[in-house]
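To start, the structure itself, in structure tokens.
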Amino acid sequence: MRRFLLIALCLLATACGRREPAPDIPAVPAASTGRAAVSSLVTYPDFGDAAPHSWEGRGPESYPIHGIDISRWQGEIDWARARSAGVSFAFIKATEGGDMIDPKFHEYRRGARAAGVPWSAYHFFYFCRPAAEQARWFIRNVPRGADLPHVLDMEWNPFSPTCKKRPPGETVRAEAEIFLDMLEAHYGRRPILYTTIDFYRETGIGRLRGTEFWLRSVAGHPRQVYPGAFWTFWQYTGTGLVPGIEGKVDINVFHDSAEIWLRWKAGQISRR
């Protein structure tokens with residue numbers, strides 16, 4: 001009960017103490033999920049990789065739906081070209097901690113929307129700030145209207161000049177729940193949680209109920225490195241080469257078929 005009161009108070013503070021972003025591009029109506037919609041997708045794209053991995057067993061090329069996650073380091077993006085090459089979704093970095101916003105976020109989301117690439121935003125979590133403060137910062141800077149659930153990126157950050165804290169798993173999970181609950185209340189769909197192998201093992205973050213996971217694994221299938229984990233997205237490379245994007249980029253796959261992708265994207269089904 002105490003946690004829900006906290007969330008309500010935090011949301012009230014967001015509404016009353018922060019200015020909402022200016023009206024934005026209206027949300028695109030839910031796309032059709034029928035045969036015509038499936039046939040319009042570019043499935044099983046043949047992206048390059050600057051440092052390809054030899055996969056044992058099932059590799060990422062066997063999944064039909066691929067997409068990217070990006071931040072300002074990707075520079076200029078030709079979204080129409082990327083979509084034609086097989087980019088079916090984009091997770092775009094929006095915020096970090098409680099006072100940083102990616103300078104390319106608004107440009108990227110508008111470019112993705114104009115090209116018809118489904119998008120959502122991700123937040124890089126800092127363990128030196130309360131989860132509620134970080135959720136309010138994200139809500140302040142990310143307007144409603146994304147095509148996909150937003151993302152909470154939780155991982156250790158040993159290179160940070162200001163925050164190298166590693167709280168115990170119980171604290172990490174409690175903070176994650178606060179952030180996820182606040183965003184779900186505001187945007188109407190529970191965010192996905194992105195994480196890495198060491199963080200997953202050390203914090204028990206996989207115990208969170210009602211949450212879909214996006215897992216990083218660039219040298220093995222998730223079933224090998226995250227035993228028993230149930231995932232929705234798999235980040236399989238950080239050195240991908242995609243038409244329309246200069247330099248290297250992270251590439252990901254969706255767990256299921258193109259038909260299920262369309263239903264999941266439209267919010268008709270959940271994988272949690």
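Convention: chains lettered A, B, ... in structure tokens order; per-chain residue numbering from 1; ligands numbered from 1 as shown.
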TODO: Extract, using only C-alpha atoms, all DNA, RNA and protein residues at most 8 Å from A:Phe127, discarding same-chain residues fewer than 4 positions from it, and format them as a ChimeraX atom specification.
DONE: /A:163-167
Open item on the list: Report as an MDAnalysis selection string all protein, DNA and RNA residues lying within 6 Å of stretch 107-116 of chain A, evaluated on only C-alpha atoms, omitting residues in the same chain fewer than 3 positions from it.
Closed with: chainID A and resid 79:80 104
Stretch 200-228 of chain A near stretch 52-68 of chain A within 12 Å: what's each residue's closest atom pair and its distance in Å to one decimal, counting only C-alpha atoms, ordered by chain then ascending residue number, as a Markdown table?
```
| residue | atom | partner | partner_atom | distance |
| --- | --- | --- | --- | --- |
| A:Ser217 | CA | A:Pro60 | CA | 10.7 |
| A:Val218 | CA | A:His53 | CA | 7.6 |
| A:Ala219 | CA | A:His53 | CA | 6.6 |
| A:Gly220 | CA | A:Trp55 | CA | 6.6 |
| A:His221 | CA | A:Gly59 | CA | 7.0 |
| A:Pro222 | CA | A:Arg58 | CA | 10.1 |
| A:Arg223 | CA | A:Arg58 | CA | 9.9 |
| A:Gln224 | CA | A:Glu56 | CA | 9.9 |
```
Open item on the list: So, with only C-alpha atoms as the atoms that count, which of A:Arg207, A:Arg35, A:His255, A:Arg136 lies closest to A:Ala185?
Closed with: A:Arg136
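Taking atom CA of A:Arg189 and atom CA of A:Val38 as the two end points, the separation is 23.4 Å.
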- [ ] Return as a list in words the full set of residues in stretch 46-151 of chain A whose backbone-based DSSP assignment is strand (DSSP E or B).
- [x] Gly48, Asp49, His66, Gly67, Ile68, Asp69, Ile70, Ile77, Val87, Ser88, Phe89, Ala90, Phe91, Ile92, Lys93, Ala94, Thr95, Glu96, Met100, Ile101, Trp119, Ser120, Ala121, Tyr122, His123, Phe124 and Val151 of chain A
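Put simply, atom CA of A:Leu152 is 10.2 Å away from atom CA of A:Lys93.
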